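Asker: The structure is given below, and queries will be raised subsequently.
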Amino acid sequence: MPMQNPNGQQMADLLRDSATQEAAETLRRLETSLQGLTGEEAAERLEVFGPNEVAQERKHEWLHRFWTAIRNPLVILLTVLATISYATGDMRAGTVMLLMVVLGVSLRFVQETKADNAAAKLKAMIKVTATVVRDGQAKEIPLQQLVPGDIVKLSAGDMIPGDVRLIAAKDLFIIQGTLTGESLPVEKSEARDLRANVSSIEHTNICFLGTSVESGAATAVIVATGPQTYFGKMASSLAGQQIETAFDKGVKKYVWLMLTFMLVMVPMVFLINGLFKHNWKDAFFFSMAVAVGLTPEMLPMIVSVCLSKGALAMSRKKVIVKKLNSIQNFGAMDVLCTDKTGTLTIDHVILELHVDVFKNESESVLRDAYLISHFQTGLKNVLDRAVLKYKQLHGELGVDKYKMVDEIPFDFSRRMMSVAIECPNGERQLLTKGAPEAVFAKCAYFENDGEILPMEPILVGDLVQQVNDLSEDGFRVLAVATKKLGAQTTFTKADENDLVLAGYLAFLDPPKDSAAKAITALRLNGVTVKVLTGDNDLVTRKVCSEVGIHAEKILLGSQVEKLTDEELAKEVEATDVFARLSPAHKKRVVQALQRNKHVVGFMGDGINDAPALRAADVGISVDTAVDIAKESADMILLEKDLMVLEEGVLEGRKVFVNILKYIRMGASSNFGNMFSVLGASAWLPFLPMQPIQVLSNNLLYDFSQVPIPTDNVGSAIISKPRPWHMGEITRFILFIGPISSIFDYTTYALMYFYFKCSNLGLVPPTPELMARFANPADTDHTYAASLFSTGWFVESLMTQTLIVHVIRTNQIPFIQSRASWQLTLTTFAIMGIGAFLPYSPLAQYLGFVPLPWQFWPLIAATLICYVGLTQVIKTWLVRKNWI
């Protein structure tokens, strides 16, 4: 293959041709061999083909982030208005609007760059690798470094690392539902596929990136990587089309609510001011400034920073976030479905018993189990690792003298696996291990002191009782069986019959000391833990009872199979423990809980957990999980412990609460401003505030909200799941919003009547000030109008900046709950700037005049009354459980 990156059509042709060619011809065209590429060849190809990543996995470059920041509708609106201001000679308003554009774009760009970098660092901690042959040696290499021509080894639990042509395969079954929607695994083989007129996805010797190995083993050559793969082409067309969480939908509803406010209010403000004041130019700019003030321009930055800060905080709690928008679902989760092994138990399985059918210790049973675990090529589970810890057997058995002839890999329907071996004496044997009930059904004989005897039904009953007794004591049991073989070299599932039962193994995986404490903590925080396991019900009941999970009622997979969706929806509410579940059963249980309006988390690390991980609202896996489990998950735990999970849940809730603070602030403030601006526009003979003052007010207020992501969150407010409730926000708007209007109107009355803004003012202006208002025909720029707008500017800025301290908590602000020092500092800094501006050198450019001293005691009283009334109404809403 020429060392240049072929286009999409050439790559598709190469993949199609490889299906109909012999494997050797495909290797030749890809200029590779079974010994794999050299390190130098791989590096060259990586330069040519690029990293093995699909579109949505790529990190956004700085240019993309900058473009996203400047194409914001608010930025475009401000830029247009600034241009019009300059064109009409209003240099001050144009300059302020451009300053808002520069600061807004810069702030968003910097903060989102930090968020993107933080997310990238966290994702880099999660490694998905493939077994690749390089320089003739098999090694684990990150998926991103694979190139066309690489030889890869595949086994159960592996992700397919690219579009590959199989070279050798043994009982290989592929889960490709992510591409085709098929619920059942598809068998693949290395044989040429000469069928005509079939799509590439149907070829029996081609496997695709994004699918995974359910069972079996294979060797394959990579034909296409990254964007050139079947999955990569799909991803390119879908890039950016993320599945919306409840949080995303809620934020979108909020934005539309604000836009609705704006679309209703802005035309009314324009018409009222234009008709009553007869200055259509000023009416236009004032209405546009009001539109800017109503726009939640800080929301994208607040959300991004809150999510990235939350992800970093969760990483310190050993929870790595792969998908930032899943954090809110994590905090909203009220049901956690989890496996038993390693979560409730210590995940350190100990082989306690290796006995024959009469419970006598048997070295031959241990030997057979050791040989099976040693020779199997698939994923070695915790039980295999427990057997292999008997390292002294390796030498005693002389494992090097045994040879593996063939393998019949494990699958979840048979619940067993076998290896065919050649013993040192040349005799061939089939060694089988699996779930006792599955192995018993395949046995025609049993072994007793070297004698082979028929398997009588009464013996089967006794064996089942023995297994049940062990299970009730918390042991996990595997049966071991054997069979003499002939000279054949290949075997299938059909050969697993007429077996000789040798005995069984009993393993103990005791509960974790922290499990009961973690489950209690989760329960107190509003999260119900449900156990979904493929293990038997007796062991599961024993473990669950010891850690405090209600296990009186257990629903088995066989029962789940018979239930309709409606019946299952009722059963999942009354059941906390599910046993003997297949992957499809786990997925059904998760979906049944979701239909009951639960936000469901699923924690798993095995091949059989992948469907449920994808179906759950938030999929949680661990760093030691199989590839497909890690890839399916939204979050990865660096430690498989429910205590880690409980801490992560609380961090997720903190993120949501801080975002909600901004949303509550913006929504209630804007709702109140609607009444304030409309009333002032209709009542006053002049504009209540100059456009440049509205923009300056908005700019300063936005700066006061920047530290919200750093704010403290009280333990009471995160003690229960935090799902998105638009009803709560609506009630908050309706009850809290109008309070700001009450104090706006009291300020209007003070300024107009007490400070005599209907005339020259309570304190006559100095000659210098009067010189600024030389045109008596300009009613919007008189001293009285400027005094009024200055007073309202200060009151509006101070009240809406200070009130965040009331809104941010359900407790008494400053006494029972204090904001972070960053938020407190910016609050009082912005209030100080607002008080200083009327006396500053900028005053004349912004249209301000000095306020008389009598104003300040009155504004202080206004702030105290506003905070007090808002606190009273908020407390009433909390007690009625309305917010």
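Starting from 1 in every chain, residues are counted up; chains themselves are A, B, ... following the order of the structure tokens, and ligands are numbered from 1 as listed.
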If we count only C-alpha atoms and set the cut-off at 10 Å, which residues sit around Tyr839 (chain A), ignoring sequence neighbours fewer than 6 positions away in its own chain? Please answer as a ChimeraX atom specification.

Answerer: /A:848-851

Asker: Those same residues - N, CA, C and O atoms - I'd like them written as a PDB file, in the first residue's frame.

Answerer:
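Result went into result_14.pdb, see below:
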```pdb
ATOM      1  N   PHE A 848     -23.817  60.235  34.470  1.00  0.00           N
ATOM      2  CA  PHE A 848     -24.136  60.258  35.891  1.00  0.00           C
ATOM      3  C   PHE A 848     -23.905  61.654  36.467  1.00  0.00           C
ATOM      4  O   PHE A 848     -23.113  62.450  35.939  1.00  0.00           O
ATOM      5  N   VAL A 849     -24.593  61.922  37.590  1.00  0.00           N
ATOM      6  CA  VAL A 849     -24.349  63.144  38.362  1.00  0.00           C
ATOM      7  C   VAL A 849     -24.185  62.732  39.820  1.00  0.00           C
ATOM      8  O   VAL A 849     -24.675  61.669  40.227  1.00  0.00           O
ATOM      9  N   PRO A 850     -23.490  63.535  40.640  1.00  0.00           N
ATOM     10  CA  PRO A 850     -23.320  63.171  42.056  1.00  0.00           C
ATOM     11  C   PRO A 850     -24.665  63.075  42.763  1.00  0.00           C
ATOM     12  O   PRO A 850     -25.584  63.858  42.525  1.00  0.00           O
ATOM     13  N   LEU A 851     -24.778  62.094  43.628  1.00  0.00           N
ATOM     14  CA  LEU A 851     -25.999  61.894  44.393  1.00  0.00           C
ATOM     15  C   LEU A 851     -25.910  62.655  45.718  1.00  0.00           C
ATOM     16  O   LEU A 851     -24.843  62.693  46.344  1.00  0.00           O
TER      17      LEU A 851
END
```

Asker: Pick out the closest residue to Leu505 (chain A) from this set: A:Asp469, A:Glu651, A:Asp565, A:Asp356. Count only C-alpha atoms.

Answerer: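 The closest residue to Leu505 (chain A) is A:Asp356.
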
Asker: Return the single residue from A:Ala332, A:Ala610, A:Leu568, A:Cys865 that is closest to Gln591 (chain A), with distances computed using only C-alpha atoms.

Answerer: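 Among A:Ala332, A:Ala610, A:Leu568, A:Cys865, it is A:Leu568 that comes nearest to Gln591 (chain A).
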
Asker: Just the residues within 12 Å of Ile812 (chain A), please, counting only C-alpha atoms, with nothing from its chain fewer than 2 positions along; format it as a ChimeraX atom specification.

Answerer: /A:714,805-810,814-819,867-868,870-872,874-875

Asker: Take the selection from the previous step and output its residues with C-alpha atoms, as a compact mmCIF listing (two decimals), in the first residue's frame.

Answerer:
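Output below, filename selection_19.txt:
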```
# COMPACT_ATOMS: atom_id res chain seq x y z
CA GLY A 714 -24.35 23.84 52.26
CA HIS A 805 -26.35 36.02 48.90
CA VAL A 806 -30.02 35.41 49.77
CA ILE A 807 -30.78 33.31 46.69
CA ARG A 808 -27.67 31.13 46.99
CA THR A 809 -28.88 29.34 50.14
CA ASN A 810 -32.07 28.15 51.81
CA PHE A 814 -24.22 35.83 56.24
CA ILE A 815 -25.26 34.14 59.53
CA GLN A 816 -26.09 30.46 58.87
CA SER A 817 -24.49 30.32 55.43
CA ARG A 818 -21.64 32.35 53.98
CA ALA A 819 -20.58 32.63 50.36
CA VAL A 867 -32.93 41.43 51.64
CA GLY A 868 -35.33 40.96 54.56
CA THR A 870 -36.77 38.26 49.99
CA GLN A 871 -35.54 36.11 52.89
CA VAL A 872 -39.08 35.93 54.33
CA LYS A 874 -37.85 32.42 50.29
CA THR A 875 -38.24 30.81 53.73
```

Asker: Restricting the calculation to only C-alpha atoms, which member of A:Asn360, A:Lys587, A:Arg595, A:Tyr754 is positioned closest to Lys570 (chain A)?

Answerer: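 Of A:Asn360, A:Lys587, A:Arg595, A:Tyr754, the one nearest Lys570 (chain A), counting only C-alpha atoms, is A:Arg595.
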
Asker: At a cut-off of 9 Å, using only C-alpha atoms, what residues contact Thr229 (chain A)? Leave out same-chain residues fewer than 5 positions from it and give the result as a short mmCIF file (atom, residue, chain, number, x, y, z; two decimals) with all heavy atoms, in the first residue's frame.

Answerer:
```cif
data_model
loop_
_atom_site.label_atom_id
_atom_site.label_comp_id
_atom_site.auth_asym_id
_atom_site.auth_seq_id
_atom_site.Cartn_x
_atom_site.Cartn_y
_atom_site.Cartn_z
N GLY A 8 -11.75 8.45 1.38
CA GLY A 8 -12.76 7.58 1.96
C GLY A 8 -13.20 6.46 1.03
O GLY A 8 -13.40 5.34 1.47
N MET A 11 -10.55 3.73 0.77
CA MET A 11 -10.52 2.92 1.98
C MET A 11 -11.70 1.96 2.02
O MET A 11 -11.57 0.81 2.44
CB MET A 11 -10.51 3.83 3.21
CG MET A 11 -10.16 3.10 4.50
SD MET A 11 -8.50 2.38 4.46
CE MET A 11 -7.49 3.82 4.79
N ALA A 12 -12.87 2.43 1.60
CA ALA A 12 -14.05 1.57 1.56
C ALA A 12 -13.84 0.42 0.58
O ALA A 12 -14.22 -0.73 0.84
CB ALA A 12 -15.28 2.39 1.16
N VAL A 54 -12.12 9.28 16.48
CA VAL A 54 -13.26 9.70 15.68
C VAL A 54 -13.59 11.14 16.02
O VAL A 54 -13.06 11.71 16.97
CB VAL A 54 -14.47 8.78 15.89
CG1 VAL A 54 -14.17 7.39 15.39
CG2 VAL A 54 -14.86 8.74 17.35
N GLY A 162 -10.33 -0.84 15.41
CA GLY A 162 -10.39 -0.21 14.09
C GLY A 162 -11.27 -1.09 13.22
O GLY A 162 -11.86 -2.07 13.69
N ASP A 163 -11.39 -0.76 11.93
CA ASP A 163 -12.04 -1.69 11.00
C ASP A 163 -11.00 -2.74 10.63
O ASP A 163 -9.93 -2.40 10.10
CB ASP A 163 -12.53 -0.95 9.76
CG ASP A 163 -13.74 -0.07 10.07
OD1 ASP A 163 -14.24 -0.14 11.20
OD2 ASP A 163 -14.18 0.68 9.18
N PHE A 208 -15.72 -4.08 13.10
CA PHE A 208 -15.70 -2.63 12.98
C PHE A 208 -15.42 -1.92 14.30
O PHE A 208 -15.83 -2.38 15.38
CB PHE A 208 -17.03 -2.13 12.41
CG PHE A 208 -17.30 -2.63 11.02
CD1 PHE A 208 -17.95 -3.84 10.82
CD2 PHE A 208 -16.87 -1.91 9.91
CE1 PHE A 208 -18.18 -4.32 9.54
CE2 PHE A 208 -17.09 -2.39 8.63
CZ PHE A 208 -17.75 -3.59 8.44
N LEU A 209 -14.73 -0.78 14.18
CA LEU A 209 -14.48 0.07 15.33
C LEU A 209 -15.81 0.42 16.00
O LEU A 209 -16.80 0.71 15.33
CB LEU A 209 -13.78 1.36 14.88
CG LEU A 209 -13.49 2.40 15.98
CD1 LEU A 209 -12.43 1.89 16.93
CD2 LEU A 209 -13.05 3.72 15.36
N VAL A 223 -7.41 -2.48 8.93
CA VAL A 223 -7.49 -1.95 7.57
C VAL A 223 -7.72 -0.44 7.58
O VAL A 223 -7.17 0.29 6.76
CB VAL A 223 -8.62 -2.66 6.79
CG1 VAL A 223 -8.74 -2.09 5.37
CG2 VAL A 223 -8.38 -4.17 6.74
N ALA A 224 -8.53 0.04 8.51
CA ALA A 224 -8.84 1.47 8.56
C ALA A 224 -8.88 1.93 10.01
O ALA A 224 -9.27 1.17 10.90
CB ALA A 224 -10.17 1.76 7.87
N MET A 234 -19.68 7.78 10.45
CA MET A 234 -20.94 8.08 11.13
C MET A 234 -20.73 9.21 12.14
O MET A 234 -21.53 10.15 12.24
CB MET A 234 -21.47 6.85 11.87
CG MET A 234 -22.02 5.75 10.98
SD MET A 234 -22.41 4.27 11.94
CE MET A 234 -23.58 4.92 13.11
#
```

Asker: Report, in Å with one decimal, the straight-line distance from CA of Phe703 (chain A) to CA of Ser820 (chain A).

Answerer: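 Calculated distance between CA of Phe703 (chain A) and CA of Ser820 (chain A) is 15.3 Å.
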
Asker: Enumerate, as a count of residues only, the complete set of residues in region 361-478 of chain A that a backbone-based DSSP assignment places in alpha helix (DSSP H).

Answerer: 49

Asker: Choose the residue, out of A:Gly342, A:Gly310, A:Gly503, A:Gly210, that has the smallest atom-to-atom separation from Thr533 (chain A); count only C-alpha atoms.

Answerer: A:Gly342

Asker: In Å, rounded to a single decimal, give me how far CA of Ile201 (chain A) is from CA of Ser189 (chain A).

Answerer: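 These two atoms are separated by 13.8 Å.
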
Asker: Mind listing the strand (DSSP E) residues of region 132-162 of chain A, per DSSP on the backbone, as number ranges by chain?

Answerer: A: 132-134, 137-142, 151-155

Asker: Find the residue from A:Gln466, A:Thr489, A:Thr20, A:Ser796 that sits nearest to Lys403 (chain A); use only C-alpha atoms when measuring.

Answerer: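 Using only C-alpha atoms, the shortest distance to Lys403 (chain A) belongs to A:Thr489.
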
Asker: Smallest atom-to-atom distance to Ser413 (chain A): which of A:Glu795, A:Asp339, A:Glu214, A:Glu140, using only C-alpha atoms?

Answerer: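 Of the candidates, the smallest distance to Ser413 (chain A) is held by A:Glu214.
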
Asker: Need to verify the contact set: Asn468 (chain A), 10 Å, only C-alpha atoms, exclusion of same-chain residues closer than 3 positions in sequence. Can you return it as a PyMOL selection string?

Answerer: chain A and resi 462-465+471-477+536-539

Asker: Taking a cut-off of 9 Å and counting only C-alpha atoms, can you build a table that, for each residue of region 459-568 of chain A near region 717-733 of chain A, reports the nearest atom pair and how far apart they are in Å (one decimal), sorted by chain then residue number, as JSON lines?

Answerer:
```
{"residue": "A:Leu524", "atom": "CA", "partner": "A:Ser719", "partner_atom": "CA", "distance": 7.3}
{"residue": "A:Asn525", "atom": "CA", "partner": "A:Ser719", "partner_atom": "CA", "distance": 4.8}
{"residue": "A:Gly526", "atom": "CA", "partner": "A:Lys720", "partner_atom": "CA", "distance": 4.8}
{"residue": "A:Val527", "atom": "CA", "partner": "A:Pro721", "partner_atom": "CA", "distance": 7.4}
```

Asker: Thr68 (chain A): which residues within 10 Å, counting only C-alpha atoms, same-chain residues fewer than 6 positions away excluded, as an MDAnalysis selection string?

Answerer: chainID A and resid 62 105 108:109

Asker: Save out the residues we just selected, all heavy atoms, as a short mmCIF file (atom, residue, chain, number, x, y, z; two decimals), in the first residue's frame.

Answerer:
```cif
data_model
loop_
_atom_site.label_atom_id
_atom_site.label_comp_id
_atom_site.auth_asym_id
_atom_site.auth_seq_id
_atom_site.Cartn_x
_atom_site.Cartn_y
_atom_site.Cartn_z
N TRP A 62 -7.97 25.93 19.75
CA TRP A 62 -8.26 27.27 20.27
C TRP A 62 -9.07 28.08 19.27
O TRP A 62 -9.93 28.88 19.66
CB TRP A 62 -6.96 27.99 20.62
CG TRP A 62 -6.12 28.39 19.43
CD1 TRP A 62 -5.13 27.68 18.86
CD2 TRP A 62 -6.24 29.61 18.69
NE1 TRP A 62 -4.61 28.37 17.79
CE2 TRP A 62 -5.27 29.57 17.66
CE3 TRP A 62 -7.07 30.74 18.78
CZ2 TRP A 62 -5.12 30.58 16.74
CZ3 TRP A 62 -6.90 31.76 17.87
CH2 TRP A 62 -5.92 31.67 16.86
N VAL A 105 -16.14 37.96 25.30
CA VAL A 105 -15.49 36.94 24.48
C VAL A 105 -14.23 36.43 25.17
O VAL A 105 -13.97 35.23 25.22
CB VAL A 105 -15.16 37.50 23.08
CG1 VAL A 105 -14.24 36.55 22.31
CG2 VAL A 105 -16.44 37.73 22.29
N ARG A 108 -15.12 34.23 28.25
CA ARG A 108 -15.62 32.91 27.86
C ARG A 108 -14.51 32.06 27.26
O ARG A 108 -14.38 30.87 27.56
CB ARG A 108 -16.77 33.05 26.86
CG ARG A 108 -17.33 31.70 26.45
CD ARG A 108 -18.59 31.81 25.63
NE ARG A 108 -19.06 30.48 25.27
CZ ARG A 108 -20.13 30.24 24.54
NH1 ARG A 108 -20.87 31.23 24.11
NH2 ARG A 108 -20.48 29.00 24.23
N PHE A 109 -13.69 32.66 26.40
CA PHE A 109 -12.62 31.92 25.75
C PHE A 109 -11.62 31.37 26.77
O PHE A 109 -11.25 30.20 26.75
CB PHE A 109 -11.89 32.82 24.75
CG PHE A 109 -10.70 32.17 24.09
CD1 PHE A 109 -10.87 31.22 23.10
CD2 PHE A 109 -9.41 32.51 24.48
CE1 PHE A 109 -9.78 30.62 22.50
CE2 PHE A 109 -8.31 31.91 23.89
CZ PHE A 109 -8.50 30.97 22.88
#
```
